[in-house]
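Quick notes on the structure that follows.
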Amino acid sequence: MELIDPVIYVEKYDGLKIMKRLERACRTCYRSEGTITDDSYKKLIKNCIARGHESVLEHEKITIRCICDIGFYKDLTRHRLASFSNESTRYCNYGKDKFDNEIKIIKPCHIDEGSELYNIWYHAMEAMEKAYLEMSEKGATVDQLRMLLPHSTAAEITMSANIREWRHILRLRCSKMTHPSIRQSLIPLLLKFKEDMPELFDDISYDEDFPKDKYSKLLTLED
Ligand SMILES: Cc1cc2nc3c(=O)[nH]c(=O)nc-3n(C[C@H](O)[C@H](O)[C@H](O)COP(=O)(O)OP(=O)(O)OC[C@H]3O[C@@H](n4cnc5c(N)ncnc54)[C@H](O)[C@@H]3O)c2cc1C
C-alpha cells in the first residue's frame, strides 16, 4: 500500500488568449469586432457576467488531470456539462505488476496523521489491501475485486469543461459546504484561474479558512 497526496495537472492554456477569444465570439452579437483594443475584453467580459449573458463563456474549455480519491471524482462527475475519462476500477487490477501489486491510497487531509482516528483508518486500508491482493491471487475478477475499494482509493481522471461550467463547478465546490478532499484540490485550481483570468473568475468566492498547507500540488501539463 502506498499513501500519496492528491495532485492536479492543468493542461497548458493561455488565459489572455482565452479571454480575447471570448470577446471576439461575443462581439459577433453586436457586430462590434471593429472596436476591439488590447484591453477591451476586460469590460466586455465583466458586462457579460453581470448581465447573465454567459453562453459566450462556453466557447473556450480547459482540461485538467487529477490524481484524487474515488470520493472526489464521484462528486465531481455529477457535473453533467463537463466531460470525464476516469480510471476504471473494472479494468485496472491493482494486484498486477503494472500497478506494482499494491493499492495507492490518498492521504485524507481532514484526519490528523498519528491521531487515534487516523490509526483506525490506516488499519482499515491495510486490511482492505490485504483482502484485495488475496482475492486477486485466488483469481478473482476485477469486477469482484472492486467491491473492496474504499473512497480513499487513488484514481486518475481527466476532466474538461468550458469556462461557464468551470465557474459553476468552482462556485459550488470551493465553498465550506463541500467535502474537504474537493476543496483541497479545487481551491488551488480556482486561485490559479483567478490569477490568470481575473475578469472571468474574480467574483467566485471560496473557503478562505481552508488550511493552505493542505492544498493539493498544482502542476502544468505541457503539450
Ligand atoms: C454542497 C453540496 C451537497 C450535495 N449533496 C448531495 C446529496 O446529498 N445527494 C446528491 O444526490 N447530490 C448532492 N449534491 C450534488 C448536486 O445535487 C448536483 O448534482 C451537483 O452539484 C451538480 O450540479 P448541477 O446540477 O448544478 O450542475 P451541472 O450538472 O454541472 O449542470 C450545470 C447547470 O446546467 C443546468 N442543468 C444541467 N442539467 C440540467 C437538467 N437536466 N435540467 C435543468 N437544468 C440542467 C443547471 O442550471 C445546472 O446548474 C451536492 C452538491 C453540493 C455542492
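Within each chain, counting starts at residue 1; across the C-alpha cells, chains are named A, B, ... in the order shown, with ligands numbered 1 upward in that order.
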
Give the strand (DSSP E) residues of segment 133-178 of chain A, as DSSP finds them on the backbone, and put them as a PyMOL selection string.
-> chain A and resi 154-162

Could you name the residues that touch segment 206-216 of chain A at 6 Å or less, counting only C-alpha atoms, but leaving out those on the same chain fewer than 5 positions away, as a PyMOL selection string?
-> chain A and resi 6-7+174-176+184-185

Shell around Glu33 of chain A at 12 Å using only C-alpha atoms, local window under 5 positions removed, as a list of chain:residue names = A:Lys20, A:Arg21, A:Leu22, A:Glu23, A:Arg24, A:Ala25, A:Cys26, A:Arg27, A:Thr28, A:Ser40, A:Tyr41, A:Leu44

Surrounding residues as a PDB file with C-alpha atoms, in the first residue's frame, ligand 1, max 10 Å, only C-alpha atoms and all ligand atoms:
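Result file follows (out-v9.pdb):
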```pdb
ATOM      1  CA  LYS A  74     -17.702  10.595  -7.505  1.00  0.00           C
ATOM      2  CA  ASP A  75     -18.748  14.126  -6.528  1.00  0.00           C
ATOM      3  CA  LEU A  76     -17.098  15.830  -9.484  1.00  0.00           C
ATOM      4  CA  THR A  77     -18.692  13.588 -12.096  1.00  0.00           C
ATOM      5  CA  ARG A  78     -22.140  14.812 -11.011  1.00  0.00           C
ATOM      6  CA  HIS A  79     -21.434  17.851 -13.177  1.00  0.00           C
ATOM      7  CA  ARG A  80     -23.199  16.830 -16.349  1.00  0.00           C
ATOM      8  CA  LEU A  81     -21.902  19.544 -18.627  1.00  0.00           C
ATOM      9  CA  ALA A  82     -18.256  18.609 -18.086  1.00  0.00           C
ATOM     10  CA  ALA A 161     -15.171  21.837 -19.078  1.00  0.00           C
ATOM     11  CA  ARG A 164     -19.108  28.741 -17.974  1.00  0.00           C
ATOM     12  CA  GLU A 165     -19.188  25.269 -16.413  1.00  0.00           C
ATOM     13  CA  TRP A 166     -15.867  25.816 -14.608  1.00  0.00           C
ATOM     14  CA  ARG A 167     -17.325  28.931 -12.994  1.00  0.00           C
ATOM     15  CA  HIS A 168     -20.360  26.943 -11.906  1.00  0.00           C
ATOM     16  CA  ILE A 169     -18.341  23.982 -10.562  1.00  0.00           C
ATOM     17  CA  LEU A 170     -15.810  26.114  -8.711  1.00  0.00           C
ATOM     18  CA  ARG A 171     -18.508  28.310  -7.164  1.00  0.00           C
ATOM     19  CA  LEU A 172     -20.228  25.214  -5.772  1.00  0.00           C
ATOM     20  CA  ARG A 173     -17.218  23.086  -4.920  1.00  0.00           C
ATOM     21  CA  CYS A 174     -14.863  25.586  -3.280  1.00  0.00           C
ATOM     22  CA  SER A 175     -17.369  26.525  -0.587  1.00  0.00           C
ATOM     23  CA  LYS A 176     -17.320  25.313   3.014  1.00  0.00           C
ATOM     24  CA  MET A 177     -20.309  23.095   2.230  1.00  0.00           C
ATOM     25  CA  THR A 178     -18.268  20.614   0.180  1.00  0.00           C
ATOM     26  CA  HIS A 179     -16.129  17.676   1.241  1.00  0.00           C
TER      27      HIS A 179
END
```

Residue among A:Leu218, A:Asp223, A:Leu191, A:Arg146 lying closest to Ser205 of chain A, counting only C-alpha atoms |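 Among A:Leu218, A:Asp223, A:Leu191, A:Arg146, it is A:Leu191 that comes nearest to Ser205 of chain A.
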
Figure out the distance between atom CA of Tyr94 of chain A and atom CA of Lys138 of chain A, please, to one decimal in Å.
-> 13.9 Å

Would you please work out which residue, of A:Pro108, A:Gly52, A:Gly95, A:Gly71, is nearest to Ile4 of chain A when using only C-alpha atoms?
->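 For Ile4 of chain A, the nearest of the candidates is A:Pro108.
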
Pairwise distance for atom CA of Leu57 of chain A and atom CA of Asn86 of chain A, rounded to one decimal in Å = 25.4 Å

Give me the residues within 6 Å of segment 14-16 of chain A as JSON, numbers by chain, counting only C-alpha atoms and dropping any in the same chain fewer than 3 places off.
-> {"A": [19, 196, 197]}

Those residues with C-alpha atoms, as a tab-separated table (two decimals), in the first residue's frame please?
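What ended up in again_19.tsv:
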```tsv
chain	number	residue	atom	x	y	z
A	19	MET	CA	-10.40	35.99	-22.74
A	196	ASP	CA	-4.57	34.03	-14.97
A	197	MET	CA	-8.11	35.17	-15.88
```

Segment 85-223 of chain A: residues DSSP assigns to helix (DSSP H, G or I), reported as a PyMOL selection string | chain A and resi 97-99+116-137+142-148+163-173+180-196+198-201+212-214

Length of the atom CA of Ile18 of chain A to atom CA of Phe201 of chain A vector [Å] =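 Answer for the atom CA of Ile18 of chain A to atom CA of Phe201 of chain A separation: 12.6 Å.
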
Nearest to Ala124 of chain A among A:Cys48, A:Ile67, A:Ile105, A:Ile62, with distances taken over only C-alpha atoms: which residue is it?
->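 Once distances to Ala124 of chain A are computed over only C-alpha atoms, the minimum belongs to A:Ile105.
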
Identify which of the residues A:Glu195, A:Ser152, A:Leu200, A:Arg65 lies closest to Trp121 of chain A, counting only C-alpha atoms when measuring atom-to-atom distances.
->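 Checking each of A:Glu195, A:Ser152, A:Leu200, A:Arg65 against Trp121 of chain A, counting only C-alpha atoms, the winner is A:Ser152.
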
So, counting only C-alpha atoms, which residue among A:Asp143, A:Glu222, A:Glu11, A:Asp100 is closest to Leu189 of chain A?
->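 Looking at the shortest contact to Leu189 of chain A, the residue is A:Glu11.
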